[in-house]
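Undergrad: Supplied structure: work13.csv, CSV, C-alpha atoms.
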```
chain,number,residue,atom,x,y,z
A,1,MET,CA,0.9,6.0,4.8
A,2,ALA,CA,3.5,4.4,7.1
A,3,GLN,CA,4.7,1.0,5.8
A,4,PRO,CA,4.5,-2.1,8.0
A,5,THR,CA,7.7,-3.4,9.7
A,6,PRO,CA,9.2,-6.0,7.3
A,7,VAL,CA,9.3,-9.6,8.6
A,8,ARG,CA,12.2,-11.7,7.4
A,9,GLY,CA,13.0,-15.4,7.4
A,10,LEU,CA,9.5,-16.8,6.6
A,11,SER,CA,8.5,-19.1,3.7
A,12,ALA,CA,5.3,-20.7,2.7
A,13,ASP,CA,6.4,-23.8,4.6
A,14,SER,CA,7.2,-22.1,7.9
A,15,GLU,CA,5.2,-23.2,10.9
A,16,LEU,CA,2.0,-21.2,11.2
A,17,GLY,CA,2.7,-20.5,14.9
A,18,LEU,CA,6.1,-19.1,14.2
A,19,ALA,CA,4.8,-16.9,11.4
A,20,ALA,CA,2.0,-15.6,13.6
A,21,ARG,CA,4.4,-14.8,16.4
A,22,ARG,CA,6.7,-12.8,14.2
A,23,ILE,CA,4.0,-11.0,12.3
A,24,LEU,CA,2.0,-10.1,15.4
A,25,VAL,CA,5.1,-8.8,17.1
A,26,ALA,CA,5.9,-6.7,14.0
A,27,ARG,CA,2.4,-5.3,14.0
A,28,LEU,CA,2.6,-4.4,17.7
A,29,ALA,CA,5.9,-2.6,17.0
A,30,ASP,CA,4.2,-0.6,14.3
A,31,ILE,CA,1.7,0.6,16.9
A,32,ARG,CA,4.3,1.5,19.5
A,33,LYS,CA,6.3,3.8,17.1
A,34,PRO,CA,3.6,6.5,16.7
A,35,GLU,CA,2.2,5.9,20.2
A,36,ALA,CA,5.4,7.4,21.6
A,37,LYS,CA,4.5,10.7,20.0
A,38,LEU,CA,1.0,10.8,21.6
A,39,SER,CA,2.0,11.4,25.3
A,40,ASP,CA,1.2,15.1,25.5
A,41,THR,CA,-0.4,16.2,22.3
A,42,PHE,CA,-2.2,14.4,19.5
A,43,ASP,CA,0.1,15.0,16.5
A,44,ASP,CA,-2.0,14.5,13.3
A,45,GLU,CA,0.5,12.3,11.5
A,46,ALA,CA,1.1,10.1,14.6
A,47,VAL,CA,-2.7,9.7,15.1
A,48,HIS,CA,-3.0,8.7,11.4
A,49,ASP,CA,0.0,6.2,11.5
A,50,MET,CA,-1.2,4.6,14.7
A,51,ARG,CA,-4.7,4.2,13.3
A,52,VAL,CA,-3.4,2.5,10.2
A,53,ALA,CA,-1.2,0.3,12.5
A,54,THR,CA,-4.2,-0.8,14.5
A,55,ARG,CA,-6.0,-1.8,11.3
A,56,ARG,CA,-3.0,-3.9,10.3
A,57,LEU,CA,-3.0,-5.6,13.7
A,58,ARG,CA,-6.7,-6.3,13.5
A,59,ALA,CA,-6.2,-7.8,10.0
A,60,ALA,CA,-3.6,-10.1,11.4
A,61,LEU,CA,-5.7,-11.1,14.4
A,62,GLN,CA,-8.7,-11.9,12.1
A,63,LEU,CA,-6.5,-14.0,9.7
A,64,PHE,CA,-5.0,-15.9,12.6
A,65,GLN,CA,-8.3,-16.7,14.3
A,66,PRO,CA,-7.9,-20.5,13.8
A,67,LEU,CA,-5.0,-20.3,16.3
A,68,GLY,CA,-7.3,-19.9,19.3
A,69,GLY,CA,-10.3,-18.2,20.8
A,70,TRP,CA,-8.2,-15.5,22.5
A,71,VAL,CA,-7.3,-14.1,19.1
A,72,THR,CA,-11.0,-13.5,18.4
A,73,ARG,CA,-11.6,-12.0,21.8
A,74,MET,CA,-8.6,-9.6,21.5
A,75,GLU,CA,-9.6,-8.1,18.1
A,76,PRO,CA,-12.5,-6.0,19.5
A,77,GLU,CA,-10.1,-4.6,22.1
A,78,VAL,CA,-7.9,-3.3,19.4
A,79,LYS,CA,-10.9,-1.9,17.5
A,80,ARG,CA,-11.7,0.2,20.6
A,81,LEU,CA,-8.4,2.0,20.2
A,82,GLN,CA,-8.8,2.2,16.4
A,83,ASP,CA,-12.2,3.9,16.7
A,84,ALA,CA,-10.9,6.4,19.3
A,85,LEU,CA,-8.0,7.3,17.0
A,86,GLY,CA,-10.5,7.6,14.1
A,87,GLY,CA,-12.7,10.1,16.0
A,88,VAL,CA,-9.7,12.4,16.4
A,89,ARG,CA,-8.3,11.8,12.9
A,90,ASP,CA,-11.5,12.4,11.1
A,91,LEU,CA,-12.0,15.8,12.7
A,92,HIS,CA,-8.4,16.7,11.9
A,93,VAL,CA,-8.9,15.9,8.2
A,94,GLN,CA,-12.1,17.8,7.8
A,95,SER,CA,-10.9,20.9,9.8
A,96,ALA,CA,-7.7,20.9,7.7
A,97,TRP,CA,-9.8,21.0,4.6
A,98,ILE,CA,-11.8,23.9,5.9
A,99,ARG,CA,-8.7,25.9,6.8
A,100,THR,CA,-7.3,25.3,3.3
A,101,VAL,CA,-10.5,26.5,1.7
A,102,ALA,CA,-10.6,29.6,4.0
A,103,ALA,CA,-7.0,30.5,3.1
A,104,LYS,CA,-7.7,30.2,-0.6
A,105,THR,CA,-10.8,32.4,-0.4
A,106,ARG,CA,-10.3,35.6,-2.4
A,107,LYS,CA,-9.1,38.7,-0.5
A,108,GLU,CA,-12.1,40.7,-1.8
A,109,THR,CA,-14.5,38.4,0.1
A,110,PRO,CA,-13.3,38.7,3.7
A,111,GLU,CA,-16.8,38.2,5.0
A,112,ALA,CA,-17.0,34.8,3.3
A,113,ARG,CA,-13.6,33.8,4.6
A,114,ALA,CA,-14.7,34.8,8.1
A,115,ASP,CA,-17.8,32.7,7.8
A,116,ILE,CA,-15.8,29.7,6.6
A,117,SER,CA,-13.3,30.1,9.4
A,118,ALA,CA,-16.1,30.2,11.9
A,119,LEU,CA,-17.6,27.1,10.4
A,120,GLY,CA,-14.2,25.4,10.9
A,121,LYS,CA,-14.2,26.3,14.6
A,122,ALA,CA,-17.7,25.0,15.0
A,123,TRP,CA,-16.6,21.7,13.3
A,124,LEU,CA,-13.8,21.3,15.9
A,125,ALA,CA,-16.2,21.8,18.9
A,126,GLY,CA,-16.3,18.0,19.4
A,127,LEU,CA,-12.5,17.6,19.3
A,128,ALA,CA,-12.0,17.9,23.1
A,129,ASP,CA,-14.4,15.1,23.8
A,130,ASN,CA,-12.8,12.9,21.2
A,131,GLU,CA,-9.4,13.6,22.6
A,132,THR,CA,-10.5,12.7,26.1
A,133,ARG,CA,-11.9,9.4,24.8
A,134,LEU,CA,-8.6,8.7,23.0
A,135,ARG,CA,-6.6,9.3,26.2
A,136,GLU,CA,-8.8,6.8,28.0
A,137,GLU,CA,-8.4,4.2,25.3
A,138,LEU,CA,-4.6,4.8,25.1
A,139,GLU,CA,-4.4,4.1,28.9
A,140,ARG,CA,-6.5,1.0,28.5
A,141,TRP,CA,-4.3,-0.1,25.6
A,142,ARG,CA,-1.1,0.4,27.6
A,143,SER,CA,-2.2,-1.1,30.9
A,144,ARG,CA,-4.5,-3.9,29.8
A,145,THR,CA,-4.7,-4.8,26.1
A,146,LEU,CA,-1.0,-4.6,25.1
A,147,PRO,CA,0.3,-6.7,28.1
A,148,ARG,CA,-2.3,-9.4,27.4
A,149,LEU,CA,-1.5,-9.5,23.7
A,150,LEU,CA,2.3,-9.8,24.4
A,151,ARG,CA,1.7,-12.8,26.8
A,152,LYS,CA,-0.6,-14.6,24.4
A,153,VAL,CA,1.6,-14.0,21.3
A,154,GLU,CA,4.7,-15.4,23.0
A,155,ALA,CA,2.9,-18.7,23.7
A,156,LEU,CA,1.6,-19.2,20.2
A,157,GLU,CA,2.2,-22.6,18.7
A,158,ASP,CA,0.9,-24.3,15.6
A,159,ALA,CA,2.6,-26.8,13.3
A,160,HIS,CA,0.5,-26.2,10.3
A,161,ARG,CA,2.0,-24.6,7.2
A,162,PHE,CA,2.0,-20.8,7.2
A,163,VAL,CA,0.5,-20.5,3.7
A,164,GLY,CA,-2.0,-23.3,4.1
A,165,ARG,CA,-5.7,-23.8,3.7
A,166,ARG,CA,-6.5,-22.6,7.3
A,167,VAL,CA,-5.5,-19.0,6.4
A,168,LYS,CA,-5.7,-19.0,2.6
A,169,GLU,CA,-9.4,-19.8,2.4
A,170,PRO,CA,-10.6,-16.7,4.4
A,171,LEU,CA,-8.3,-14.6,2.2
A,172,ASP,CA,-9.8,-16.1,-1.0
A,173,TRP,CA,-13.3,-15.2,0.5
A,174,ARG,CA,-12.1,-11.6,1.0
A,175,VAL,CA,-11.0,-11.3,-2.7
A,176,ARG,CA,-14.3,-12.6,-3.9
A,177,ARG,CA,-16.1,-10.1,-1.6
A,178,VAL,CA,-14.1,-7.2,-2.9
A,179,ARG,CA,-14.9,-8.3,-6.4
A,180,LYS,CA,-18.6,-8.2,-5.6
A,181,ARG,CA,-18.3,-4.8,-3.9
A,182,MET,CA,-16.8,-3.5,-7.1
A,183,ASP,CA,-19.7,-4.8,-9.1
A,184,VAL,CA,-22.2,-3.2,-6.7
A,185,TYR,CA,-20.3,0.2,-6.9
A,186,ALA,CA,-20.2,0.0,-10.7
A,187,ASP,CA,-24.0,-0.4,-10.7
A,188,SER,CA,-24.7,2.3,-8.1
A,189,PRO,CA,-21.7,4.5,-7.3
A,190,ASP,CA,-23.2,6.1,-4.2
A,191,ALA,CA,-21.7,6.9,-0.8
A,192,ALA,CA,-22.8,3.6,0.8
A,193,SER,CA,-21.4,1.4,-1.9
A,194,ALA,CA,-18.1,3.4,-2.1
A,195,HIS,CA,-17.7,3.1,1.7
A,196,ALA,CA,-18.4,-0.6,1.7
A,197,LEU,CA,-15.8,-1.2,-1.1
A,198,ARG,CA,-13.3,1.0,0.7
A,199,LYS,CA,-13.5,-1.0,3.9
A,200,ASP,CA,-13.2,-4.4,2.3
A,201,LEU,CA,-10.4,-3.2,0.0
A,202,LYS,CA,-8.4,-2.0,3.0
A,203,LYS,CA,-8.9,-5.3,4.9
A,204,LEU,CA,-7.8,-7.2,1.8
A,205,ARG,CA,-4.7,-5.2,1.4
A,206,TYR,CA,-3.6,-5.5,5.1
A,207,GLU,CA,-4.4,-9.2,5.0
A,208,LEU,CA,-2.3,-9.7,1.8
A,209,GLU,CA,0.6,-7.8,3.4
A,210,ILE,CA,0.7,-10.6,6.0
A,211,PHE,CA,1.7,-13.1,3.3
A,212,GLN,CA,4.4,-10.9,1.6
A,213,PRO,CA,7.2,-12.3,3.7
A,214,ALA,CA,6.5,-15.8,2.2
A,215,LEU,CA,5.2,-14.8,-1.2
A,216,ARG,CA,7.2,-11.6,-1.8
A,217,ARG,CA,7.8,-12.1,-5.6
A,218,THR,CA,4.2,-12.9,-6.5
A,219,LEU,CA,2.3,-10.7,-4.1
A,220,GLY,CA,4.6,-7.6,-4.0
A,221,ALA,CA,3.6,-6.2,-7.4
A,222,LEU,CA,-0.1,-7.0,-6.9
A,223,VAL,CA,-0.3,-5.2,-3.5
A,224,LYS,CA,1.2,-2.1,-5.0
A,225,VAL,CA,-1.8,-1.6,-7.3
A,226,PHE,CA,-4.0,-1.2,-4.2
A,227,ALA,CA,-2.6,2.3,-3.3
A,228,PRO,CA,-4.2,4.5,-6.0
A,229,LEU,CA,-7.6,2.9,-5.6
A,230,GLN,CA,-7.5,3.0,-1.8
A,231,GLU,CA,-6.4,6.6,-1.9
A,232,GLY,CA,-9.1,7.5,-4.4
A,233,LEU,CA,-11.8,5.8,-2.3
A,234,GLY,CA,-10.5,7.6,0.8
A,235,GLU,CA,-10.8,11.0,-0.8
A,236,LEU,CA,-14.2,10.1,-2.1
A,237,HIS,CA,-15.2,9.1,1.5
A,238,ASP,CA,-14.0,12.4,2.9
A,239,ALA,CA,-15.9,14.3,0.3
A,240,ASP,CA,-19.1,12.3,1.1
A,241,VAL,CA,-18.7,13.1,4.8
A,242,ARG,CA,-18.4,16.8,4.0
A,243,LEU,CA,-21.3,16.7,1.5
A,244,GLU,CA,-23.6,15.1,4.1
A,245,MET,CA,-22.6,17.6,6.8
A,246,PHE,CA,-22.7,20.7,4.7
A,247,GLU,CA,-26.0,19.8,3.1
A,248,ARG,CA,-27.4,19.5,6.7
A,249,LEU,CA,-25.9,22.8,7.7
A,250,ALA,CA,-27.2,24.5,4.6
A,251,ALA,CA,-30.7,23.4,5.5
A,252,ARG,CA,-30.8,23.5,9.2
A,253,GLY,CA,-27.7,25.4,10.5
A,254,LYS,CA,-27.5,28.8,12.1
A,255,PRO,CA,-27.7,31.7,9.7
A,256,ARG,CA,-24.0,32.2,9.4
A,257,GLU,CA,-23.5,28.4,9.1
A,258,ARG,CA,-26.1,28.2,6.3
A,259,LYS,CA,-24.5,30.9,4.4
A,260,ALA,CA,-21.0,29.4,4.6
A,261,ALA,CA,-22.3,25.9,3.8
A,262,ARG,CA,-24.1,27.0,0.7
A,263,ALA,CA,-21.1,28.8,-0.5
A,264,LEU,CA,-18.9,25.6,-0.1
A,265,LEU,CA,-21.3,23.0,-1.5
A,266,PRO,CA,-20.4,23.6,-5.2
A,267,LEU,CA,-16.7,23.2,-4.3
A,268,ILE,CA,-17.5,20.0,-2.4
A,269,ARG,CA,-19.5,18.5,-5.2
A,270,GLU,CA,-16.8,19.4,-7.7
A,271,GLY,CA,-14.2,17.7,-5.5
A,272,ARG,CA,-16.4,14.6,-5.2
A,273,ALA,CA,-16.9,14.4,-8.9
A,274,LYS,CA,-13.1,14.4,-9.4
A,275,SER,CA,-12.6,11.7,-6.8
A,276,SER,CA,-15.4,9.6,-8.3
A,277,ALA,CA,-13.7,9.9,-11.8
A,278,GLU,CA,-10.4,8.8,-10.3
A,279,VAL,CA,-12.0,5.8,-8.6
A,280,ALA,CA,-13.7,4.9,-11.9
A,281,ARG,CA,-10.3,4.9,-13.8
A,282,GLU,CA,-8.7,2.7,-11.2
A,283,LEU,CA,-11.5,0.2,-11.2
A,284,GLN,CA,-11.2,0.0,-15.0
A,285,ARG,CA,-7.5,-0.7,-14.5
A,286,TRP,CA,-8.4,-3.5,-12.0
A,287,HIS,CA,-10.7,-5.0,-14.5
A,288,ALA,CA,-8.3,-4.6,-17.5
A,289,GLU,CA,-5.5,-6.2,-15.5
A,290,ALA,CA,-7.7,-8.9,-14.0
A,291,ILE,CA,-6.3,-8.1,-10.5
A,292,PRO,CA,-8.9,-10.2,-8.5
A,293,ARG,CA,-8.4,-13.2,-10.7
A,294,ARG,CA,-4.6,-13.0,-10.4
A,295,LEU,CA,-4.9,-12.7,-6.6
A,296,ARG,CA,-7.0,-15.8,-6.4
A,297,GLN,CA,-4.5,-17.6,-8.6
A,298,VAL,CA,-1.7,-16.7,-6.2
A,299,LEU,CA,-3.8,-18.0,-3.3
A,300,ALA,CA,-4.9,-21.2,-5.0
```
How does the structure come out when it is put into structure tokens?

TA:
Amino acid sequence: MAQPTPVRGLSADSELGLAARRILVARLADIRKPEAKLSDTFDDEAVHDMRVATRRLRAALQLFQPLGGWVTRMEPEVKRLQDALGGVRDLHVQSAWIRTVAAKTRKETPEARADISALGKAWLAGLADNETRLREELERWRSRTLPRLLRKVEALEDAHRFVGRRVKEPLDWRVRRVRKRMDVYADSPDAASAHALRKDLKKLRYELEIFQPALRRTLGALVKVFAPLQEGLGELHDADVRLEMFERLAARGKPRERKAARALLPLIREGRAKSSAEVARELQRWHAEAIPRRLRQVLA
């Protein structure tokens, strides 16, 4: 995952308006880098990096909501672009998995390999529509959303402390929410609870990254522990999406689709079990190291 542009020269006592300007400009720069690679074709890595960058920008906009109503109004505009990027990225991820499985299928089963390959092509049937939507949203972003954001960000002023109550309280709420999501997942480790935990964990990580310029020593090490858990939850989510789709195809697909789906379901379930075990290990680490409590202490 691409790292955010570092922001220098901020401290806990910096003016909130100054900090917001610098951080939002950096987040916009993070979007522009991969955007340059999406003019003609939709490179998979560029789509992924731009999607992550839009998430980081949305996290900053949500955290800086106290600075004005325009911040709240702009966040859904950025989400439009993020959703369009996600529609293309998700198909890329799943189709790449199918291609990998097809390539690993034993040579003595060419028919099964052909069935799996055909299933992959069917999976990509909706890619053209998703790419058309992404082109439309990229044009909207370039012509409308980005210029408005740049104008608004340049005019940001607020004399409150950067690391003050106005922004720390919502972040403390996010930490407590993630802690509750972990408890729910521990009691019922299903697809819904895993997805909810994954979403809030990502939001918390991207919001904490905003404070790293001012609290680098105390937050840096804590933010690093997010990566393994976030990655494990991402792989678990991908497996759950596959499982739902292939169970549906196995029950109601065309004859060739049913055959291929039934052949792949054991592999998908095995992969999900491995991802689930990895998430369980990381959650045990979070509990053992009291990560949520330590985060709240930093934000106190």

Undergrad: From the set A:Asp187, A:Thr54, A:Ala261, A:Leu18, which residue has the shortest atom-to-atom contact distance to Lys33 (chain A), counting only C-alpha atoms?

TA: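 Closest residue, counting only C-alpha atoms: A:Thr54.
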
Undergrad: Around (-3.5, -11.5, -2.4) in the file's own coordinates, what residues are found within 12 Å if you use only C-alpha atoms, given back as a short mmCIF file (atom, residue, chain, number, x, y, z; two decimals) with C-alpha atoms, keeping the file's coordinate frame?

TA:
```
data_model
loop_
_atom_site.label_atom_id
_atom_site.label_comp_id
_atom_site.auth_asym_id
_atom_site.auth_seq_id
_atom_site.Cartn_x
_atom_site.Cartn_y
_atom_site.Cartn_z
CA VAL A 163 0.50 -20.50 3.70
CA VAL A 167 -5.50 -19.00 6.40
CA LYS A 168 -5.70 -19.00 2.60
CA GLU A 169 -9.40 -19.80 2.40
CA PRO A 170 -10.60 -16.70 4.40
CA LEU A 171 -8.30 -14.60 2.20
CA ASP A 172 -9.80 -16.10 -1.00
CA TRP A 173 -13.30 -15.20 0.50
CA ARG A 174 -12.10 -11.60 1.00
CA VAL A 175 -11.00 -11.30 -2.70
CA ARG A 176 -14.30 -12.60 -3.90
CA VAL A 178 -14.10 -7.20 -2.90
CA LEU A 201 -10.40 -3.20 0.00
CA LYS A 202 -8.40 -2.00 3.00
CA LYS A 203 -8.90 -5.30 4.90
CA LEU A 204 -7.80 -7.20 1.80
CA ARG A 205 -4.70 -5.20 1.40
CA TYR A 206 -3.60 -5.50 5.10
CA GLU A 207 -4.40 -9.20 5.00
CA LEU A 208 -2.30 -9.70 1.80
CA GLU A 209 0.60 -7.80 3.40
CA ILE A 210 0.70 -10.60 6.00
CA PHE A 211 1.70 -13.10 3.30
CA GLN A 212 4.40 -10.90 1.60
CA ALA A 214 6.50 -15.80 2.20
CA LEU A 215 5.20 -14.80 -1.20
CA ARG A 216 7.20 -11.60 -1.80
CA ARG A 217 7.80 -12.10 -5.60
CA THR A 218 4.20 -12.90 -6.50
CA LEU A 219 2.30 -10.70 -4.10
CA GLY A 220 4.60 -7.60 -4.00
CA ALA A 221 3.60 -6.20 -7.40
CA LEU A 222 -0.10 -7.00 -6.90
CA VAL A 223 -0.30 -5.20 -3.50
CA LYS A 224 1.20 -2.10 -5.00
CA VAL A 225 -1.80 -1.60 -7.30
CA PHE A 226 -4.00 -1.20 -4.20
CA ILE A 291 -6.30 -8.10 -10.50
CA PRO A 292 -8.90 -10.20 -8.50
CA ARG A 293 -8.40 -13.20 -10.70
CA ARG A 294 -4.60 -13.00 -10.40
CA LEU A 295 -4.90 -12.70 -6.60
CA ARG A 296 -7.00 -15.80 -6.40
CA GLN A 297 -4.50 -17.60 -8.60
CA VAL A 298 -1.70 -16.70 -6.20
CA LEU A 299 -3.80 -18.00 -3.30
CA ALA A 300 -4.90 -21.20 -5.00
#
```

Undergrad: Quick one: which region 174-266 of chain A residues come within 12 Å of region 117-129 of chain A, and what is the nearest atom pair for each with the distance in Å to one decimal, counting all atoms listed in the file, rows ordered by chain and ascending number, as CSV?

TA:
```
residue,atom,partner,partner_atom,distance
A:Arg242,CA,A:Trp123,CA,10.7
A:Met245,CA,A:Trp123,CA,9.7
A:Phe246,CA,A:Leu119,CA,10.0
A:Leu249,CA,A:Leu119,CA,9.7
A:Ala250,CA,A:Leu119,CA,11.5
A:Gly253,CA,A:Leu119,CA,10.2
A:Lys254,CA,A:Leu119,CA,10.2
A:Pro255,CA,A:Leu119,CA,11.1
A:Arg256,CA,A:Leu119,CA,8.2
A:Glu257,CA,A:Leu119,CA,6.2
A:Arg258,CA,A:Leu119,CA,9.5
A:Lys259,CA,A:Leu119,CA,9.9
A:Ala260,CA,A:Leu119,CA,7.1
A:Ala261,CA,A:Leu119,CA,8.2
A:Arg262,CA,A:Leu119,CA,11.7
A:Ala263,CA,A:Leu119,CA,11.6
A:Leu264,CA,A:Leu119,CA,10.7
```

Undergrad: Find the residues of region 202-240 of chain A that sit at most 8 Å from region 270-286 of chain A; for each, write down the nearest two atoms and how far apart they are in Å, to one decimal. Count all atoms listed in the file. Sort by chain, then by number going up, and give it as CSV.

TA:
```
residue,atom,partner,partner_atom,distance
A:Pro228,CA,A:Glu282,CA,7.1
A:Leu229,CA,A:Glu282,CA,5.7
A:Gly232,CA,A:Val279,CA,5.4
A:Leu233,CA,A:Val279,CA,6.3
A:Glu235,CA,A:Ser275,CA,6.3
A:Leu236,CA,A:Ser275,CA,5.2
A:Ala239,CA,A:Arg272,CA,5.5
A:Asp240,CA,A:Arg272,CA,7.2
```

Undergrad: For CA of Ser143 (chain A) and CA of Ile31 (chain A), determine how far apart the two atoms are, in Å to one decimal place.

TA: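 Distance reported for this atom pair: 14.6 Å.
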
Undergrad: Just the residues within 9 Å of Pro6 (chain A), please, counting all atoms listed in the file, with nothing from its chain fewer than 6 positions along; format it as a list in words.

TA: Ile23, Ala26, Gln212 and Pro213 of chain A

Undergrad: CA of His195 (chain A) to CA of Arg181 (chain A): how many Å, to one decimal?

TA: 9.7 Å

Undergrad: For Glu35 (chain A), which residue among A:Asp190, A:Glu157, A:Glu139, A:Glu75 is the nearest when counting only C-alpha atoms?

TA: A:Glu139

Undergrad: Output as a CSV table (one decimal), in the frame of the given file: region 273-281 of chain A, completed with all heavy atoms.

TA:
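Result saved to part-v1.csv:
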```
chain,number,residue,atom,x,y,z
A,273,ALA,N,-16.8,14.9,-7.5
A,273,ALA,CA,-16.9,14.4,-8.9
A,273,ALA,C,-15.5,14.0,-9.4
A,273,ALA,O,-15.3,13.0,-10.1
A,273,ALA,CB,-17.4,15.5,-9.8
A,274,LYS,N,-14.4,14.8,-9.0
A,274,LYS,CA,-13.1,14.4,-9.4
A,274,LYS,C,-12.6,13.1,-8.8
A,274,LYS,O,-12.0,12.3,-9.4
A,274,LYS,CB,-12.1,15.6,-9.1
A,274,LYS,CG,-12.3,16.8,-9.9
A,274,LYS,CD,-11.3,17.9,-9.4
A,274,LYS,CE,-11.5,19.2,-10.3
A,274,LYS,NZ,-10.6,20.2,-9.8
A,275,SER,N,-12.9,13.0,-7.5
A,275,SER,CA,-12.6,11.7,-6.8
A,275,SER,C,-13.3,10.5,-7.4
A,275,SER,O,-12.7,9.4,-7.6
A,275,SER,CB,-12.9,11.8,-5.3
A,275,SER,OG,-12.1,12.8,-4.7
A,276,SER,N,-14.6,10.7,-7.7
A,276,SER,CA,-15.4,9.6,-8.3
A,276,SER,C,-14.8,9.2,-9.7
A,276,SER,O,-14.7,8.0,-10.0
A,276,SER,CB,-16.8,10.1,-8.5
A,276,SER,OG,-17.6,9.1,-9.1
A,277,ALA,N,-14.3,10.2,-10.5
A,277,ALA,CA,-13.7,9.9,-11.8
A,277,ALA,C,-12.4,9.1,-11.6
A,277,ALA,O,-12.1,8.2,-12.4
A,277,ALA,CB,-13.5,11.2,-12.6
A,278,GLU,N,-11.6,9.5,-10.6
A,278,GLU,CA,-10.4,8.8,-10.3
A,278,GLU,C,-10.6,7.4,-9.9
A,278,GLU,O,-9.9,6.4,-10.4
A,278,GLU,CB,-9.6,9.5,-9.3
A,278,GLU,CG,-8.3,8.9,-8.9
A,278,GLU,CD,-7.3,8.8,-10.0
A,278,GLU,OE1,-7.4,9.7,-10.9
A,278,GLU,OE2,-6.5,7.9,-10.1
A,279,VAL,N,-11.6,7.1,-9.1
A,279,VAL,CA,-12.0,5.8,-8.6
A,279,VAL,C,-12.4,5.0,-9.9
A,279,VAL,O,-12.0,3.8,-10.0
A,279,VAL,CB,-13.1,5.8,-7.6
A,279,VAL,CG1,-13.6,4.4,-7.3
A,279,VAL,CG2,-12.5,6.4,-6.3
A,280,ALA,N,-13.2,5.6,-10.7
A,280,ALA,CA,-13.7,4.9,-11.9
A,280,ALA,C,-12.5,4.4,-12.8
A,280,ALA,O,-12.5,3.3,-13.3
A,280,ALA,CB,-14.6,5.7,-12.7
A,281,ARG,N,-11.5,5.3,-13.0
A,281,ARG,CA,-10.3,4.9,-13.8
A,281,ARG,C,-9.6,3.8,-13.1
A,281,ARG,O,-9.1,2.9,-13.8
A,281,ARG,CB,-9.4,6.2,-13.9
A,281,ARG,CG,-9.9,7.2,-14.9
A,281,ARG,CD,-8.8,8.2,-15.2
A,281,ARG,NE,-8.5,9.1,-14.0
A,281,ARG,CZ,-9.2,10.2,-13.8
A,281,ARG,NH1,-10.1,10.6,-14.6
A,281,ARG,NH2,-8.8,10.9,-12.7
```
